[in-house]
$ cat run27.cif   # mmCIF, C-alpha atoms
data_upload
#
loop_
_atom_site.group_PDB
_atom_site.id
_atom_site.type_symbol
_atom_site.label_atom_id
_atom_site.label_comp_id
_atom_site.auth_asym_id
_atom_site.auth_seq_id
_atom_site.Cartn_x
_atom_site.Cartn_y
_atom_site.Cartn_z
ATOM 1 C CA MET A 19 0.000 0.000 0.000
ATOM 2 C CA ILE A 20 2.778 2.405 0.978
ATOM 3 C CA LEU A 21 4.849 1.432 -2.068
ATOM 4 C CA ASP A 22 1.878 1.972 -4.374
ATOM 5 C CA ARG A 23 1.247 5.384 -2.853
ATOM 6 C CA LEU A 24 4.921 6.308 -3.198
ATOM 7 C CA LYS A 25 4.931 5.138 -6.806
ATOM 8 C CA THR A 26 1.871 7.251 -7.550
ATOM 9 C CA GLN A 27 3.429 10.327 -5.962
ATOM 10 C CA LEU A 28 6.698 9.878 -7.884
ATOM 11 C CA SER A 29 4.894 9.385 -11.185
ATOM 12 C CA SER A 30 3.032 12.652 -10.676
ATOM 13 C CA LEU A 31 6.219 14.703 -10.275
ATOM 14 C CA ASP A 32 7.267 17.066 -13.040
ATOM 15 C CA PRO A 33 9.836 15.298 -15.302
ATOM 16 C CA ARG A 34 12.122 18.311 -15.043
ATOM 17 C CA LEU A 35 12.688 17.557 -11.358
ATOM 18 C CA TYR A 36 14.155 14.189 -12.339
ATOM 19 C CA GLN A 37 16.392 15.900 -14.852
ATOM 20 C CA ILE A 38 17.602 18.510 -12.349
ATOM 21 C CA ALA A 39 18.384 15.775 -9.830
ATOM 22 C CA SER A 40 20.231 13.701 -12.441
ATOM 23 C CA LEU A 41 22.325 16.588 -13.769
ATOM 24 C CA SER A 42 23.116 17.778 -10.239
ATOM 25 C CA THR A 43 24.331 14.290 -9.324
ATOM 26 C CA LEU A 44 26.530 14.120 -12.415
ATOM 27 C CA LEU A 45 27.984 17.563 -11.731
ATOM 28 C CA LEU A 46 28.665 16.764 -8.077
ATOM 29 C CA TYR A 47 30.397 13.532 -9.055
ATOM 30 C CA GLY A 48 32.457 15.297 -11.698
ATOM 31 C CA VAL A 49 33.600 18.109 -9.398
ATOM 32 C CA VAL A 50 34.304 16.011 -6.293
ATOM 33 C CA TRP A 51 35.641 12.748 -7.723
ATOM 34 C CA LEU A 52 36.776 13.536 -11.265
ATOM 35 C CA HIS A 53 38.027 17.053 -10.459
ATOM 36 C CA PHE A 54 36.362 18.802 -13.386
ATOM 37 C CA ASP A 55 38.052 22.002 -14.503
ATOM 38 C CA VAL A 56 35.118 24.126 -13.386
ATOM 39 C CA SER A 57 35.171 26.249 -10.251
ATOM 40 C CA VAL A 58 32.422 26.597 -7.689
ATOM 41 C CA LEU A 59 32.298 30.315 -8.557
ATOM 42 C CA GLN A 60 31.711 29.513 -12.248
ATOM 43 C CA ILE A 61 28.938 27.081 -11.340
ATOM 44 C CA ALA A 62 27.262 29.644 -9.081
ATOM 45 C CA LEU A 63 27.608 32.372 -11.709
ATOM 46 C CA THR A 64 26.152 30.159 -14.442
ATOM 47 C CA LEU A 65 23.186 29.134 -12.302
ATOM 48 C CA GLY A 66 22.571 32.671 -11.087
ATOM 49 C CA THR A 67 22.735 34.216 -14.566
ATOM 50 C CA ALA A 68 20.353 31.606 -15.971
ATOM 51 C CA LEU A 69 17.797 32.219 -13.220
ATOM 52 C CA LEU A 70 18.141 35.999 -13.517
ATOM 53 C CA THR A 71 17.651 35.856 -17.307
ATOM 54 C CA GLN A 72 14.581 33.668 -16.846
ATOM 55 C CA TYR A 73 13.180 36.130 -14.323
ATOM 56 C CA ALA A 74 13.839 39.088 -16.622
ATOM 57 C CA GLY A 75 12.157 37.335 -19.554
ATOM 58 C CA THR A 76 9.194 36.437 -17.374
ATOM 59 C CA ARG A 77 8.744 40.061 -16.338
ATOM 60 C CA LEU A 78 9.259 41.498 -19.834
ATOM 61 C CA LEU A 79 6.722 39.159 -21.421
ATOM 62 C CA LYS A 80 4.407 39.484 -18.420
ATOM 63 C CA LEU A 81 4.089 35.746 -17.932
ATOM 64 C CA SER A 82 1.938 34.480 -15.103
ATOM 65 C CA SER A 83 4.755 33.084 -12.939
ATOM 66 C CA PHE A 84 8.493 32.594 -12.663
ATOM 67 C CA ASP A 85 9.532 28.954 -13.281
ATOM 68 C CA PRO A 86 13.145 28.096 -12.306
ATOM 69 C CA ARG A 87 13.124 24.474 -13.498
ATOM 70 C CA SER A 88 13.940 24.960 -17.167
ATOM 71 C CA PRO A 89 16.801 27.460 -16.624
ATOM 72 C CA LEU A 90 18.303 25.186 -13.965
ATOM 73 C CA ILE A 91 18.421 22.320 -16.466
ATOM 74 C CA SER A 92 20.144 24.478 -19.070
ATOM 75 C CA ALA A 93 22.606 25.941 -16.543
ATOM 76 C CA LEU A 94 23.558 22.550 -15.107
ATOM 77 C CA SER A 95 24.144 21.209 -18.618
ATOM 78 C CA LEU A 96 26.408 24.169 -19.379
ATOM 79 C CA CYS A 97 28.369 23.522 -16.187
ATOM 80 C CA LEU A 98 28.886 19.914 -17.253
ATOM 81 C CA LEU A 99 29.953 20.589 -20.832
ATOM 82 C CA LEU A 100 31.311 24.127 -21.319
ATOM 83 C CA ARG A 101 34.901 24.839 -20.332
ATOM 84 C CA THR A 102 36.334 28.354 -20.343
ATOM 85 C CA ASN A 103 39.010 30.372 -18.586
ATOM 86 C CA HIS A 104 36.776 33.418 -18.208
ATOM 87 C CA LEU A 105 33.824 33.777 -15.845
ATOM 88 C CA GLU A 106 32.162 36.325 -18.114
ATOM 89 C CA VAL A 107 31.998 33.703 -20.887
ATOM 90 C CA ALA A 108 30.162 31.307 -18.572
ATOM 91 C CA ALA A 109 27.698 34.059 -17.673
ATOM 92 C CA LEU A 110 27.254 35.021 -21.339
ATOM 93 C CA ALA A 111 26.564 31.407 -22.304
ATOM 94 C CA ALA A 112 23.864 31.130 -19.638
ATOM 95 C CA CYS A 113 22.286 34.408 -20.770
ATOM 96 C CA ILE A 114 22.291 33.314 -24.435
ATOM 97 C CA ALA A 115 20.831 29.908 -23.592
ATOM 98 C CA ILE A 116 17.885 31.202 -21.571
ATOM 99 C CA GLY A 117 17.353 34.305 -23.699
ATOM 100 C CA SER A 118 17.017 32.197 -26.844
ATOM 101 C CA LYS A 119 13.872 30.580 -25.433
ATOM 102 C CA PHE A 120 12.127 33.943 -25.339
ATOM 103 C CA VAL A 121 13.459 35.302 -28.645
ATOM 104 C CA ILE A 122 13.871 32.435 -31.137
ATOM 105 C CA ARG A 123 10.423 30.875 -31.302
ATOM 106 C CA TRP A 124 8.054 29.311 -33.794
ATOM 107 C CA LYS A 125 4.352 28.923 -33.030
ATOM 108 C CA ASP A 126 4.834 29.221 -29.274
ATOM 109 C CA LYS A 127 7.663 26.686 -29.254
ATOM 110 C CA HIS A 128 11.337 27.600 -28.923
ATOM 111 C CA LEU A 129 13.235 26.404 -31.962
ATOM 112 C CA PHE A 130 16.691 25.523 -30.613
ATOM 113 C CA ASN A 131 17.653 23.556 -27.547
ATOM 114 C CA PRO A 132 18.906 26.343 -25.233
ATOM 115 C CA THR A 133 22.056 24.550 -24.068
ATOM 116 C CA ASN A 134 22.931 23.408 -27.570
ATOM 117 C CA TRP A 135 22.437 26.922 -28.957
ATOM 118 C CA ALA A 136 24.699 28.519 -26.343
ATOM 119 C CA LEU A 137 27.405 25.862 -26.684
ATOM 120 C CA VAL A 138 27.579 26.192 -30.452
ATOM 121 C CA ILE A 139 27.859 29.983 -30.240
ATOM 122 C CA MET A 140 30.656 29.747 -27.656
ATOM 123 C CA LEU A 141 32.525 27.175 -29.752
ATOM 124 C CA ALA A 142 32.060 29.128 -32.992
ATOM 125 C CA CYS A 143 33.382 32.313 -31.377
ATOM 126 C CA GLY A 144 36.307 30.504 -29.779
ATOM 127 C CA PHE A 145 35.228 31.541 -26.286
ATOM 128 C CA GLY A 146 35.255 28.045 -24.827
ATOM 129 C CA TRP A 147 35.670 24.366 -25.501
ATOM 130 C CA ILE A 148 34.261 20.955 -24.620
ATOM 131 C CA SER A 149 36.456 18.248 -23.138
ATOM 132 C CA PRO A 150 34.932 14.836 -23.932
ATOM 133 C CA GLY A 151 37.786 13.030 -22.203
ATOM 134 C CA GLN A 152 37.091 14.650 -18.839
ATOM 135 C CA TRP A 153 34.793 11.759 -17.918
ATOM 136 C CA GLY A 154 37.466 9.079 -18.240
ATOM 137 C CA GLN A 155 36.888 5.563 -19.453
ATOM 138 C CA VAL A 156 35.337 4.148 -16.310
ATOM 139 C CA ALA A 157 32.635 1.793 -17.549
ATOM 140 C CA TRP A 158 30.465 1.970 -14.484
ATOM 141 C CA PHE A 159 30.298 5.761 -14.603
ATOM 142 C CA GLY A 160 29.145 5.588 -18.204
ATOM 143 C CA PHE A 161 26.510 3.155 -17.049
ATOM 144 C CA LEU A 162 25.488 5.617 -14.338
ATOM 145 C CA ILE A 163 24.946 8.333 -16.945
ATOM 146 C CA VAL A 164 22.878 5.960 -19.073
ATOM 147 C CA CYS A 165 20.727 4.927 -16.118
ATOM 148 C CA LEU A 166 20.098 8.475 -14.972
ATOM 149 C CA GLY A 167 19.430 9.566 -18.528
ATOM 150 C CA SER A 168 17.058 6.667 -19.098
ATOM 151 C CA LEU A 169 15.109 7.713 -16.040
ATOM 152 C CA VAL A 170 14.796 11.230 -17.391
ATOM 153 C CA VAL A 171 13.798 10.493 -20.978
ATOM 154 C CA THR A 172 11.390 7.718 -20.005
ATOM 155 C CA ARG A 173 9.633 9.964 -17.487
ATOM 156 C CA ALA A 174 9.538 12.717 -20.090
ATOM 157 C CA ALA A 175 8.153 10.366 -22.768
ATOM 158 C CA ARG A 176 11.079 11.065 -25.089
ATOM 159 C CA ALA A 177 13.109 7.860 -24.791
ATOM 160 C CA ASP A 178 12.346 7.128 -28.448
ATOM 161 C CA VAL A 179 14.396 10.003 -29.879
ATOM 162 C CA THR A 180 17.366 9.181 -27.626
ATOM 163 C CA LEU A 181 17.386 5.484 -28.484
ATOM 164 C CA ALA A 182 16.842 6.211 -32.176
ATOM 165 C CA PHE A 183 19.751 8.685 -32.289
ATOM 166 C CA LEU A 184 22.120 6.309 -30.489
ATOM 167 C CA ALA A 185 21.095 3.426 -32.753
ATOM 168 C CA PHE A 186 21.620 5.477 -35.937
ATOM 169 C CA TYR A 187 24.814 7.159 -34.750
ATOM 170 C CA ILE A 188 26.518 4.030 -33.420
ATOM 171 C CA GLY A 189 25.262 1.913 -36.327
ATOM 172 C CA LEU A 190 26.643 4.360 -38.885
ATOM 173 C CA LEU A 191 29.972 4.525 -37.048
ATOM 174 C CA ILE A 192 30.249 0.731 -37.165
ATOM 175 C CA MET A 193 29.249 0.626 -40.844
ATOM 176 C CA ARG A 194 31.913 3.205 -41.652
ATOM 177 C CA ALA A 195 34.553 1.217 -39.796
ATOM 178 C CA LEU A 196 33.605 -1.974 -41.621
ATOM 179 C CA TRP A 197 33.616 -0.168 -44.976
ATOM 180 C CA LEU A 198 37.091 1.258 -44.316
ATOM 181 C CA GLY A 199 38.374 -2.010 -42.913
ATOM 182 C CA ASP A 200 39.036 -0.464 -39.502
ATOM 183 C CA PRO A 201 38.899 -2.567 -36.338
ATOM 184 C CA LEU A 202 35.699 -2.193 -34.326
ATOM 185 C CA THR A 203 37.730 -0.840 -31.428
ATOM 186 C CA ILE A 204 37.798 2.501 -33.263
ATOM 187 C CA PRO A 205 34.015 3.170 -33.276
ATOM 188 C CA LEU A 206 33.759 1.726 -29.776
ATOM 189 C CA HIS A 207 36.361 4.202 -28.594
ATOM 190 C CA GLN A 208 34.536 7.034 -30.398
ATOM 191 C CA ILE A 209 31.338 6.413 -28.456
ATOM 192 C CA GLU A 210 33.091 6.167 -25.075
ATOM 193 C CA SER A 211 32.338 9.769 -24.307
ATOM 194 C CA GLY A 212 30.396 11.216 -21.420
ATOM 195 C CA ALA A 213 29.627 14.239 -23.573
ATOM 196 C CA LEU A 214 27.912 12.008 -26.154
ATOM 197 C CA LEU A 215 25.786 10.336 -23.499
ATOM 198 C CA ILE A 216 24.780 13.660 -21.956
ATOM 199 C CA PHE A 217 23.886 14.957 -25.418
ATOM 200 C CA SER A 218 21.806 11.862 -26.153
ATOM 201 C CA PHE A 219 19.959 11.617 -22.859
ATOM 202 C CA PHE A 220 19.663 15.247 -21.787
ATOM 203 C CA MET A 221 19.810 17.423 -24.910
ATOM 204 C CA ILE A 222 18.339 15.842 -28.048
ATOM 205 C CA SER A 223 15.555 14.442 -25.845
ATOM 206 C CA ASP A 224 14.258 17.932 -24.962
ATOM 207 C CA PRO A 225 10.458 17.629 -25.412
ATOM 208 C CA LYS A 226 10.118 21.314 -26.304
ATOM 209 C CA THR A 227 12.508 21.241 -29.271
ATOM 210 C CA THR A 228 11.801 17.819 -30.788
ATOM 211 C CA PRO A 229 8.964 16.857 -33.163
ATOM 212 C CA ASP A 230 5.590 16.182 -31.587
ATOM 213 C CA SER A 231 5.020 12.756 -33.165
ATOM 214 C CA ARG A 232 7.045 9.600 -32.496
ATOM 215 C CA MET A 233 7.632 8.941 -36.201
ATOM 216 C CA GLY A 234 8.755 12.525 -36.592
ATOM 217 C CA ARG A 235 11.227 12.171 -33.718
ATOM 218 C CA VAL A 236 12.751 9.032 -35.231
ATOM 219 C CA ALA A 237 13.177 10.815 -38.564
ATOM 220 C CA PHE A 238 14.663 13.797 -36.722
ATOM 221 C CA ALA A 239 17.122 11.531 -34.884
ATOM 222 C CA LEU A 240 18.307 10.100 -38.207
ATOM 223 C CA CYS A 241 18.844 13.583 -39.630
ATOM 224 C CA VAL A 242 20.848 14.648 -36.574
ATOM 225 C CA ALA A 243 22.982 11.486 -36.699
ATOM 226 C CA LEU A 244 23.763 11.989 -40.409
ATOM 227 C CA ALA A 245 24.576 15.663 -39.888
ATOM 228 C CA ALA A 246 26.768 14.866 -36.886
ATOM 229 C CA LEU A 247 28.793 12.304 -38.823
ATOM 230 C CA TYR A 248 29.163 14.676 -41.772
ATOM 231 C CA VAL A 249 30.526 17.383 -39.485
ATOM 232 C CA GLN A 250 32.844 14.903 -37.791
ATOM 233 C CA PHE A 251 34.240 13.105 -40.844
ATOM 234 C CA GLY A 252 33.396 15.459 -43.715
ATOM 235 C CA LEU A 253 34.267 18.795 -42.157
ATOM 236 C CA PHE A 254 36.715 17.300 -39.636
ATOM 237 C CA LYS A 255 35.249 19.241 -36.706
ATOM 238 C CA PRO A 256 34.858 17.837 -33.186
ATOM 239 C CA ASN A 257 31.545 17.794 -31.289
ATOM 240 C CA GLY A 258 29.623 16.619 -34.345
ATOM 241 C CA PRO A 259 26.349 15.918 -32.486
ATOM 242 C CA LEU A 260 26.156 19.498 -31.204
ATOM 243 C CA TRP A 261 26.587 20.929 -34.691
ATOM 244 C CA GLY A 262 24.245 18.320 -36.142
ATOM 245 C CA LEU A 263 21.463 19.219 -33.711
ATOM 246 C CA ILE A 264 21.777 22.950 -34.360
ATOM 247 C CA ALA A 265 21.713 22.353 -38.118
ATOM 248 C CA CYS A 266 18.635 20.102 -37.986
ATOM 249 C CA ALA A 267 16.597 22.097 -35.445
ATOM 250 C CA PRO A 268 14.913 24.215 -38.182
ATOM 251 C CA LEU A 269 13.509 20.970 -39.614
ATOM 252 C CA VAL A 270 11.267 20.440 -36.571
ATOM 253 C CA PRO A 271 8.454 22.808 -37.716
ATOM 254 C CA LEU A 272 8.438 21.102 -41.125
ATOM 255 C CA ILE A 273 8.340 17.637 -39.547
ATOM 256 C CA ASP A 274 5.502 18.719 -37.241
ATOM 257 C CA TYR A 275 3.599 19.966 -40.303
ATOM 258 C CA LEU A 276 4.133 16.786 -42.313
ATOM 259 C CA ILE A 277 3.736 14.342 -39.392
ATOM 260 C CA PRO A 278 1.572 16.111 -36.785
ATOM 261 C CA GLY A 279 1.303 14.944 -33.206
ATOM 262 C CA THR A 280 0.086 16.169 -29.829
ATOM 263 C CA ARG A 281 2.054 19.120 -28.439
ATOM 264 C CA TYR A 282 4.026 18.156 -25.334
ATOM 265 C CA ASP A 283 2.747 19.353 -21.966
ATOM 266 C CA TRP A 284 4.969 19.084 -18.873
ATOM 267 C CA SER A 285 1.947 18.525 -16.641
ATOM 268 C CA ARG A 286 0.765 15.586 -18.789
ATOM 269 C CA PRO A 287 3.817 13.864 -20.339
ATOM 270 C CA SER A 288 2.908 12.220 -23.639
ATOM 271 C CA ASN A 289 4.764 10.430 -26.403
ATOM 272 C CA GLY A 290 2.793 12.345 -29.024
ATOM 273 C CA HIS A 291 0.263 9.674 -29.917
ATOM 274 C CA GLY A 292 -3.289 10.764 -30.458
ATOM 275 C CA PRO A 293 -4.714 13.668 -32.398
ATOM 276 C CA ALA A 294 -2.524 16.644 -33.108
ATOM 277 C CA ALA A 295 -3.058 19.644 -30.893
ATOM 278 C CA ALA A 296 -4.035 21.709 -33.914
ATOM 279 C CA SER A 297 -6.970 19.397 -34.620
ATOM 280 C CA ASN A 298 -8.451 19.798 -31.138
ATOM 281 C CA PRO A 299 -9.795 23.299 -30.536
ATOM 282 C CA VAL A 300 -10.265 22.600 -26.828
ATOM 283 C CA LEU A 301 -6.598 21.753 -26.275
ATOM 284 C CA VAL A 302 -5.051 24.567 -28.300
ATOM 285 C CA PRO A 303 -5.546 27.487 -25.867
ATOM 286 C CA LEU A 304 -4.522 25.353 -22.875
ATOM 287 C CA SER A 305 -1.427 24.085 -24.655
ATOM 288 C CA ILE A 306 -0.308 27.566 -25.688
ATOM 289 C CA HIS A 307 -0.878 28.935 -22.187
ATOM 290 C CA GLN A 308 1.128 26.158 -20.593
ATOM 291 C CA GLN A 309 3.847 26.506 -23.208
ATOM 292 C CA ARG A 310 4.265 30.172 -22.209
ATOM 293 C CA ARG A 311 4.355 29.278 -18.525
ATOM 294 C CA SER A 312 7.037 26.611 -19.079
ATOM 295 C CA LEU A 313 9.492 28.889 -20.910
#
$ encode --input "run27.cif" --output "structure tokens"
Amino acid sequence: MILDRLKTQLSSLDPRLYQIASLSTLLLYGVVWLHFDVSVLQIALTLGTALLTQYAGTRLLKLSSFDPRSPLISALSLCLLLRTNHLEVAALAACIAIGSKFVIRWKDKHLFNPTNWALVIMLACGFGWISPGQWGQVAWFGFLIVCLGSLVVTRAARADVTLAFLAFYIGLLIMRALWLGDPLTIPLHQIESGALLIFSFFMISDPKTTPDSRMGRVAFALCVALAALYVQFGLFKPNGPLWGLIACAPLVPLIDYLIPGTRYDWSRPSNGHGPAAASNPVLVPLSIHQQRRSL
């Protein structure tokens, strides 16, 4: 009886709380045990700037309430991935990430994943870098990331896009190795990256920037995987998945138009099955209102 009640209470929690807890655990582990090259001051500045930007956007757009959950997720992700020698760069990245949600929008849905958008801008400007090797090769820690990520995407009803991306990305890496005659240790080494796992489980799975339908999300995952591999092996640039996601993000409105699905609502997590939000006049105003509140 008690277990059933506890299960019911946990299932009713906002999925973003799971994500905040997961990212906080990863960051704490990285700072304490792996000695990440990120100071406590940088972490505090990143979190504070993200929350302040969210508050400013809430006031400027006269939204009904201030919601700290989304900016905390973006800020924690930046702390895990972005490395810089300047505190002002960390603050700028947080401001760009959260500000993009209020500025770059399409039909009441922000177009780019905030963390991805900020990271790409910082990398393109040469203000910072990402260190995939900072996680080490410890197998059990990689498994920890996968487990925590699985918890997040399953609760948020977006496990499909994560699993589809990993299947396409890893499968294409293996096919390339076989075609070139390389040993399979090469693609296996390429996927042993904490940054790749965080991208797959915490970034591409963002319900607010992925297609509404499951079929659309699978197609989107394939596009991102192809773009990532082209950047990595065609343009010879690191961090292919980040560039691939930013390049494919504008495809989401087109995919939603061609393969419509139900708009995601944090209060009622859904995998997108059922009638599209546009076809249900009762759900449209509620969905738009809740979208604005969850900025």
$ closest_residue --input "run27.cif" --among "A:Ile188, A:Ile222, A:Leu70, A:Leu247" --to "A:Val270" --atoms "all atoms listed in the file"
A:Ile222
$ atom_distance --input "run27.cif" --atom1 "atom CA of A:Met140" --atom2 "atom CA of A:Val107"
8.0 Å
$ resolve_selection --input "run27.cif" --expression "the PyMOL selection byres ((chain A and resi 148) around 7)" --output "list in words"
Leu99, Leu100, Arg101, Trp147, Ser149 and Pro150 of chain A
$ atom_distance --input "run27.cif" --atom1 "atom CA of A:Asp230" --atom2 "atom CA of A:Trp124"
13.5 Å
$ residues_around --input "run27.cif" --residues "A:Ala245" --least-positions-apart "6" --cutoff "12 Å" --atoms "only C-alpha atoms" --output "PyMOL selection string"
chain A and resi 183+186-187+190+238-239+251-253+255+257-267
$ atom_distance --input "run27.cif" --atom1 "atom CA of A:Pro201" --atom2 "atom CA of A:Ala182"
24.1 Å
$ closest_residue --input "run27.cif" --among "A:Met233, A:Leu59, A:Leu90, A:Ala142" --to "A:Asp178" --atoms "all atoms listed in the file"
A:Met233
$ resolve_selection --input "run27.cif" --expression "the PyMOL selection byres ((chain A and resi 91) around 10)" --output "VMD selection string"
chain A and resid 34 to 35 37 to 42 65 68 86 to 90 92 to 96 132 to 133 220 to 221
$ closest_residue --input "run27.cif" --among "A:Val56, A:Leu202, A:Ile273, A:Cys113" --to "A:Gly234" --atoms "only C-alpha atoms"
A:Ile273
$ closest_residue --input "run27.cif" --among "A:Leu240, A:Val249, A:Ile116, A:Val170" --to "A:Asp32" --atoms "only C-alpha atoms"
A:Val170
